[in-house]
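Data first, discussion second: the structure below is written as structure tokens.
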Amino acid sequence: MGLETISSFTGQIGTVLLGATRSEGGSRSISYTIGGERDLPFLGSPPSGHKPLVAYELCDDAAVWPPVVREFLGDRTREPGAWAREAGDTWKPDLIRLVLTSTRKRDFQDFASLRRTVEEVLQQSPLPLIIEGSTDQAIDSEVFAACGEAGEGERLLLGTAEAGRYRSIAAAALAYGHAVIAQSPIDINLAKQLNILLRETGVPADRIVIDPYTGALGYGFEYSFSVMERIRTSALKGDCDLAMPMISGAPDTLTIKEVREADPGIRQRVAVTWEFSTALASALAGASIVSVRHPETLALLREAIDALWGGAGVR
Amino acid sequence: MPLKALDIYKLLPRKNCKECGDPTCLTFAMKLASGKGDVDRCPYLDEHAREILGSSTRPPIRLVKVGVGERSFAVGDELVQFRHEKTFYHPPGVMVAVSDLWTKDQIQAVVARVRDTVVVRVGTDLRLNGVAVRHESSDPGAFRRAVEAVEEIADLPEVLMAGDPGVMEQGLAVCGHFRPLIHAATPQNHEAMSDLAKNYGCPLVVKADDPGGLPDLVERCTGRGVQNLVLDPATTSLHRFQNISTAIRQQAVTRSTPSLGYPVFLDAAATGMQDAAIVTGILRFASVMVVENPDQASLLSLLTLRQNIYTDPQKPIQMTPGIYRVGTPGPDSPVLMTVNFSLTFFTLQGYLEATRIPCFMVIVDTEGLSVLTAVASGKLNETMVAESLKKFSLEKEVTHRSLIIPGYAAPLSGRIEEATGWEVLVGPRDAAEIGEYLEKEWKR
């Protein structure tokens with residue numbers, strides 16, 4: 001006799017397809033379905049839905065990237081294509097998340113270079129790709145059009161739509177067949193509202209991934225954790241406007257005070273442990289994709305998620 | 001279905017004998033109704049009343065205390081499955097393992113670390129809670145000596161981990177009167193272990209390899225007179241732990257299986273992936289966790305995650321309003337105003353320290369709201385800023401009259417200038433950019 005959890009939920013999280021293999025019209029070595037859960041994360045044997053994925057974040061201008069990662073990687077951060085290839089081969093993430101940090105420069109206008117960067121990463125790495133574009137409305141339209149077109153057919157996940165600026169990204173997703181990350185500032189109602197707005201522009205529910213915004217451990221994570229749990233339980237109780245899979249990456253994790261001021265001898269390990277704890281806790285809160293920046297976090301996270309998921313041969 | 005205080009009162013003897021420790025039966029009834037009382041304290045209840053009250057007024061998860069004195073801690077007494085439904089009250093005790101195979105020096109090195117380590121975050125002291133002594137040798141005397149080594153240098157709560165009641169008694173002979181947690185009663189030894197727990201007045205872990213057997217084992221132990229129990233699902237699989245622990249929490253808070261209404265134990269070290277087990281344990285209802293001596297990095301993130309999850313989601317941690325100094329600021333140092341939400345304060349403070357520019361932080365009382373929400377709700381407004389500056393006598397600290405306000409408070413800048421007579425400079429929205437901002441705007 002075991003001890004079983006009780007589920008009274010009637011709803012289900014929707015699914016989103018990411019990446020396209022050759023037979024699906026793209027060039028990826030694999031494609032994923034995320035979401036589909038009928039219960040809380042990792043509950044049941046086997047758990048419902050699809051196992052959470054682990055994404056590795058890299059960027060096209062490392063000047064603003066966490067110093068602890070630059071220190072670890074040295075000059076391997078110079079070229080995003082090679083960086084993506086090496087990350088895939090060495091640290092084995094499920095997906096790559098390319099953050100176009102070059103667009104954060106004042107008066108950025110070099111959209112042709114973005115296109116080349118995206119093409120280069122797609123060529124060098126066979127993994128499905130998430131692209132984080134601009135954060136400035138003035139250039140959104142050109143940035144997302146360039147990325148969207150360069151990745152046409154690859155079923156990218158494009159980020160990040162926010163309440164005030166979602167039209168350009170929605171347009172690019174619709175024109176070139178991609179999915180969209182919808183980010184709201186740790187607020188379940190705003191998350192719901194943005195999903196509704198996106199659907200009104202024509203983005204179907206199965207092409208939306210919720211980013212509830214994740215504060216780093218010790219820096220607001222408690223709010224993010226509970227908002228994720230609330231989004232998940234609301235969806236399982238039948239709220240269709242929140243029944244999309246979630247993505248979580250805590251962008252500040254590797255630049256917080258505890259990492260910056262750690263003794264140099266243990267700084268790398270503090271960074272990895274902090275990022276690991278934040279990401280694993282997010283997966284337990286219901287994130288379908290957790291994304292991290294330190295390469296050494298990846299293997300730990302993969303092992304822990306496998307162990308939580310259960311199944312044959314897993315501790 | 002919870003009973004109301006008056007319904008409970010009708011079932012009580014109504015003689016106000018005070019033997020339960022409360023002045024009247026009505027106050028006792030009110031305690032029971034709020035889940036804070038213990039039915040067994042009333043000596044005059046008839047069987048019928050006891051049956052009704054026993055199942056519906058007990059806290060759904062029993063409060064269990066471990067250790068005595070300053071560092072003792074209590075776990076259990078939780079009411080919800082989800083933190084956002086109310087809050088989680090009693091953070092898990094983290095017990096660092098030592099072995100009776102070790103030398104006295106090895107044991108005491110770990111004990112001293114547990115005793116002395118303090119991590120200060122958001123103005124709160126965070127600590128490890130105690131020591132777990134594992135019996136791994138074949139010598140009962142070694143177990144006794146290990147416990148003595150712990151007791152010699154610290155008054156910390158302990159978990160005694162030995163499957164043989166004879167060995168357990170060796171440990172209890174040393175520290176049994178300091179309420180250690182006994183690990184563990186199993187289907188094979190529960191009678192002897194229960195008797196030890198009862199004689200020494202100690203809490204007892206109940207461990208069944210088949211967790212379906214836990215309710216039965218619990219009833220056997222309570223039947224022998226031990227009420228303070230902790231449940232060990234006895235698994236080294238994270239998947240199984242999180243499923244079983246969730247099931248226990250669900251059945252406890254819904255009161256569908258009252259004999260599962262006890263705190264949960266997790267041997268995080270035994271999973272072979274301690275950091276992952278700790279995260280899972282904190283998020284999934286573990287109340288006592290045994291860990292191998294964590295390195296500094298694990299320790300920091302473990303204590304921080306526990307603090308995060310066990311803060312009240314409805315009550316943000318607040319700073320006392322006033323003037324805070326970063327470095328040793330002088331009369332021409334910059335003055336930055338922000339809200340008294342502790343997270344905002346500590347984030348900004350961290351970035352300000354990194355700039356190495358001495359400055360003043362003026363913290364105004366927004367009742368713990370963040371800048372964005374305080375502006376939206378009107379809690380942050382020009383009148384209170386003006387009053388705060390006056391109350392804190394800021395004009396005596398600096399010779400200039402320039403106030404840097406948070407980027408999200410920009411809509412208030414004009415009104416703050418009018419109300420205070422200070423020149424207002426709008427800072428960045430993101431505290432991470434404050435260094436660059438001061439570099440460019442202040443030194444200008």
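In the structure tokens, each chain is lettered A, B, ... as it comes, each chain's residues begin at 1, and ligands are numbered from 1 in order of appearance.
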_I'd like the neighbourhood of Val364 (chain B) as a ChimeraX atom specification, where a residue qualifies if any of its atoms comes within 7 Å (using only C-alpha atoms), though same-chain residues fewer than 2 positions away should be ignored._
/B:321-322,338-340,362,366,385,388
Take the residues just selected and output them with C-alpha atoms as a PDB file, in the first residue's frame.
ATOM      1  CA  PRO B 321      12.159  54.584   8.476  1.00  0.00           C
ATOM      2  CA  GLY B 322      15.071  56.979   8.981  1.00  0.00           C
ATOM      3  CA  THR B 338      13.482  55.159  -1.162  1.00  0.00           C
ATOM      4  CA  VAL B 339      10.753  53.070   0.479  1.00  0.00           C
ATOM      5  CA  ASN B 340      10.956  50.879   3.581  1.00  0.00           C
ATOM      6  CA  VAL B 362      16.505  58.262   3.418  1.00  0.00           C
ATOM      7  CA  THR B 366       5.385  53.073   2.858  1.00  0.00           C
ATOM      8  CA  VAL B 385       8.339  62.825   1.929  1.00  0.00           C
ATOM      9  CA  SER B 388      10.022  62.575   6.732  1.00  0.00           C
TER      10      SER B 388
END
*Tell me the residues of chain B close to chain A, meaning within 6 Å using only C-alpha atoms, as a count of residues only.*
14
*When DSSP works through the backbone of this structure, what residues of region 171-231 of chain A end up as helix (DSSP H, G or I), shown as a count of residues only?*
33
*Determine, counting only C-alpha atoms, which protein, DNA and RNA residues have an atom within 7 Å of an atom of Ala172 (chain A); residues of the same chain fewer than 5 positions away are not included. Present the result as an MDAnalysis selection string.*
chainID A and resid 144:145 148
The selected residues should be written to file as an mmCIF file, in the first residue's frame (atoms: N, CA and C atoms).
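Now in result25.cif:
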data_model
loop_
_atom_site.group_PDB
_atom_site.id
_atom_site.type_symbol
_atom_site.label_atom_id
_atom_site.label_comp_id
_atom_site.auth_asym_id
_atom_site.auth_seq_id
_atom_site.Cartn_x
_atom_site.Cartn_y
_atom_site.Cartn_z
ATOM 1 N N PHE A 144 12.570 42.428 -33.920
ATOM 2 C CA PHE A 144 11.836 41.161 -33.953
ATOM 3 C C PHE A 144 11.568 40.696 -35.375
ATOM 4 N N ALA A 145 11.388 41.650 -36.299
ATOM 5 C CA ALA A 145 11.229 41.250 -37.696
ATOM 6 C C ALA A 145 12.505 40.556 -38.175
ATOM 7 N N GLY A 148 12.821 37.139 -36.335
ATOM 8 C CA GLY A 148 11.742 36.252 -36.753
ATOM 9 C C GLY A 148 11.999 35.707 -38.143
#
*Compile the contact shell of Pro258 (chain B) as a list of chain:residue names: residues with an atom at most 9 Å away, counting only C-alpha atoms, same-chain residues fewer than 5 positions apart removed.*
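These residues fall inside the cut-off: B:Ser55, B:Pro60, B:Ile61, B:Pro215, B:Gln251, B:Ala252, B:Val253.
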*Can you tell me how far CA of Ser72 (chain B) sits from CA of Ile153 (chain B), in Å to one decimal?*
15.9 Å
*Identify, with DSSP run on backbone atoms, the residues in region 40-195 of chain A assigned to strand (DSSP E), and express the list as number ranges by chain.*
A: 53-59, 95-99, 129-132, 157-161, 179-183
Counting only C-alpha atoms, what is within 8 Å of Ala132 (chain B), bar same-chain residues fewer than 3 positions away, as a compact mmCIF listing (two decimals) with N, CA, C and O atoms, in the first residue's frame?
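Ended up saving to selection-v1.txt:
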# COMPACT_ATOMS: atom_id res chain seq x y z
N MET B 95 19.60 19.91 10.53
CA MET B 95 20.44 19.20 11.49
C MET B 95 21.65 18.63 10.74
O MET B 95 21.49 17.83 9.81
N VAL B 96 22.82 19.03 11.17
CA VAL B 96 24.03 18.59 10.47
C VAL B 96 24.53 17.28 11.07
O VAL B 96 24.66 17.14 12.29
N ALA B 97 24.81 16.32 10.18
CA ALA B 97 25.14 14.97 10.63
C ALA B 97 26.59 14.83 11.09
O ALA B 97 27.50 15.41 10.50
N VAL B 98 26.76 14.07 12.18
CA VAL B 98 28.09 13.59 12.57
C VAL B 98 27.93 12.07 12.77
O VAL B 98 26.82 11.58 12.90
N GLU B 158 19.35 17.98 19.13
CA GLU B 158 19.99 16.83 18.47
C GLU B 158 18.95 15.88 17.90
O GLU B 158 17.82 15.80 18.38
N VAL B 159 19.37 15.15 16.85
CA VAL B 159 18.63 13.97 16.40
C VAL B 159 19.53 12.79 16.70
O VAL B 159 20.70 12.79 16.31
N LEU B 160 19.01 11.81 17.42
CA LEU B 160 19.78 10.60 17.68
C LEU B 160 19.32 9.54 16.68
O LEU B 160 18.16 9.15 16.66
N MET B 161 20.27 9.08 15.85
CA MET B 161 19.89 8.16 14.78
C MET B 161 20.51 6.79 15.02
O MET B 161 21.69 6.58 14.72
N VAL B 290 18.07 16.32 7.77
CA VAL B 290 19.44 15.96 8.14
C VAL B 290 20.33 16.16 6.91
O VAL B 290 20.01 15.69 5.82
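You can rank A:Asp206, A:Pro52, A:Leu122, A:Thr297 by their closest distance to Cys240 (chain A) using only C-alpha atoms, and at the top of that list sits A:Asp206.
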Glu436 (chain B): which residues within 12 Å, counting only C-alpha atoms, same-chain residues fewer than 2 positions away excluded, as a compact mmCIF listing (two decimals) with N, CA and C atoms, in the first residue's frame?
# COMPACT_ATOMS: atom_id res chain seq x y z
N TYR B 351 23.99 47.77 -3.97
CA TYR B 351 24.57 48.44 -5.14
C TYR B 351 25.29 49.73 -4.75
N LEU B 352 24.76 50.43 -3.76
CA LEU B 352 25.42 51.66 -3.31
C LEU B 352 26.79 51.35 -2.70
N ALA B 354 28.65 48.96 -3.47
CA ALA B 354 29.55 48.58 -4.55
C ALA B 354 30.13 49.81 -5.27
N THR B 355 29.40 50.95 -5.24
CA THR B 355 29.90 52.15 -5.93
C THR B 355 31.06 52.79 -5.17
N ARG B 356 31.17 52.49 -3.88
CA ARG B 356 32.19 53.09 -3.02
C ARG B 356 32.05 54.61 -2.92
N ILE B 357 30.86 55.12 -3.22
CA ILE B 357 30.59 56.55 -3.02
C ILE B 357 29.79 56.67 -1.72
N GLY B 427 16.33 59.27 -10.21
CA GLY B 427 17.33 58.21 -10.39
C GLY B 427 16.84 57.14 -11.34
N PRO B 428 17.61 56.07 -11.49
CA PRO B 428 17.20 54.98 -12.39
C PRO B 428 16.08 54.16 -11.78
N ASP B 430 16.08 50.87 -12.07
CA ASP B 430 16.72 49.64 -11.61
C ASP B 430 17.91 50.00 -10.73
N ALA B 431 17.91 49.48 -9.50
CA ALA B 431 18.99 49.80 -8.56
C ALA B 431 20.36 49.43 -9.11
N ALA B 432 20.40 48.44 -10.00
CA ALA B 432 21.68 48.00 -10.56
C ALA B 432 22.38 49.14 -11.31
N GLU B 433 21.60 50.12 -11.75
CA GLU B 433 22.18 51.21 -12.54
C GLU B 433 22.58 52.41 -11.70
N ILE B 434 22.47 52.28 -10.38
CA ILE B 434 22.70 53.45 -9.53
C ILE B 434 24.15 53.90 -9.57
N LEU B 438 25.19 57.66 -10.46
CA LEU B 438 25.92 58.57 -9.57
C LEU B 438 27.20 59.06 -10.25
N GLU B 439 27.87 58.15 -10.93
CA GLU B 439 29.09 58.48 -11.67
C GLU B 439 28.81 59.65 -12.62
N LYS B 440 27.72 59.51 -13.38
CA LYS B 440 27.43 60.48 -14.44
C LYS B 440 26.74 61.73 -13.93
N GLU B 441 25.71 61.55 -13.10
CA GLU B 441 24.84 62.67 -12.76
C GLU B 441 25.30 63.42 -11.52
N TRP B 442 25.85 62.67 -10.55
CA TRP B 442 26.17 63.35 -9.30
C TRP B 442 27.51 64.07 -9.40
N LYS B 443 28.48 63.40 -10.00
CA LYS B 443 29.81 63.99 -10.04
C LYS B 443 29.90 65.12 -11.05
N ARG B 444 28.84 65.23 -11.85
CA ARG B 444 28.80 66.20 -12.92
C ARG B 444 28.99 67.61 -12.37
*To one decimal in Å, tell me the separation between CA of Ser113 (chain A) and CA of Leu100 (chain A).*
10.5 Å
_CA of Val16 (chain A) to CA of Tyr56 (chain A), straight-line distance in Å_ = 18.9 Å
*Leaving out Leu127 (chain A) and any residue of its chain fewer than 3 positions from it, which residues lie within 12 Å of it when counting only C-alpha atoms, given as a VMD selection string?*
chain A and resid 18 to 21 26 to 32 54 to 56 81 84 to 89 92 to 98 121 to 124 130 154 to 156
Just to be explicit: take each residue in the selection above, keep C-alpha atoms, and write the result as a short mmCIF file (atom, residue, chain, number, x, y, z; two decimals), in the first residue's frame.
data_model
loop_
_atom_site.label_atom_id
_atom_site.label_comp_id
_atom_site.auth_asym_id
_atom_site.auth_seq_id
_atom_site.Cartn_x
_atom_site.Cartn_y
_atom_site.Cartn_z
CA LEU A 18 9.27 24.48 -29.72
CA GLY A 19 11.84 23.86 -32.42
CA ALA A 20 11.30 22.17 -35.76
CA THR A 21 13.26 19.23 -37.13
CA GLY A 26 13.13 23.40 -39.82
CA SER A 27 16.70 22.33 -39.21
CA ARG A 28 16.79 21.44 -35.50
CA SER A 29 18.04 18.06 -34.31
CA ILE A 30 15.06 17.78 -31.96
CA SER A 31 11.78 19.51 -31.15
CA TYR A 32 9.96 19.69 -27.84
CA VAL A 54 16.72 23.38 -19.16
CA ALA A 55 17.85 26.31 -21.30
CA TYR A 56 21.32 27.80 -21.44
CA GLY A 81 27.74 30.89 -32.69
CA ALA A 84 26.26 28.06 -28.57
CA ARG A 85 27.93 25.10 -30.25
CA GLU A 86 30.34 24.51 -27.39
CA ALA A 87 27.59 24.89 -24.79
CA GLY A 88 25.45 22.31 -26.58
CA ASP A 89 28.32 19.85 -26.95
CA LYS A 92 24.13 19.59 -22.82
CA PRO A 93 21.24 21.99 -22.28
CA ASP A 94 17.88 21.21 -23.93
CA LEU A 95 17.70 24.59 -25.61
CA ILE A 96 19.76 27.70 -26.20
CA ARG A 97 18.48 31.13 -25.16
CA LEU A 98 20.21 33.86 -27.12
CA VAL A 121 23.72 30.46 -33.93
CA LEU A 122 21.15 28.40 -35.82
CA GLN A 123 23.88 27.08 -38.07
CA GLN A 124 26.34 26.25 -35.30
CA ILE A 130 14.84 31.04 -27.64
CA GLU A 154 12.46 26.91 -36.80
CA ARG A 155 9.59 27.51 -34.34
CA LEU A 156 11.60 29.85 -32.16
#
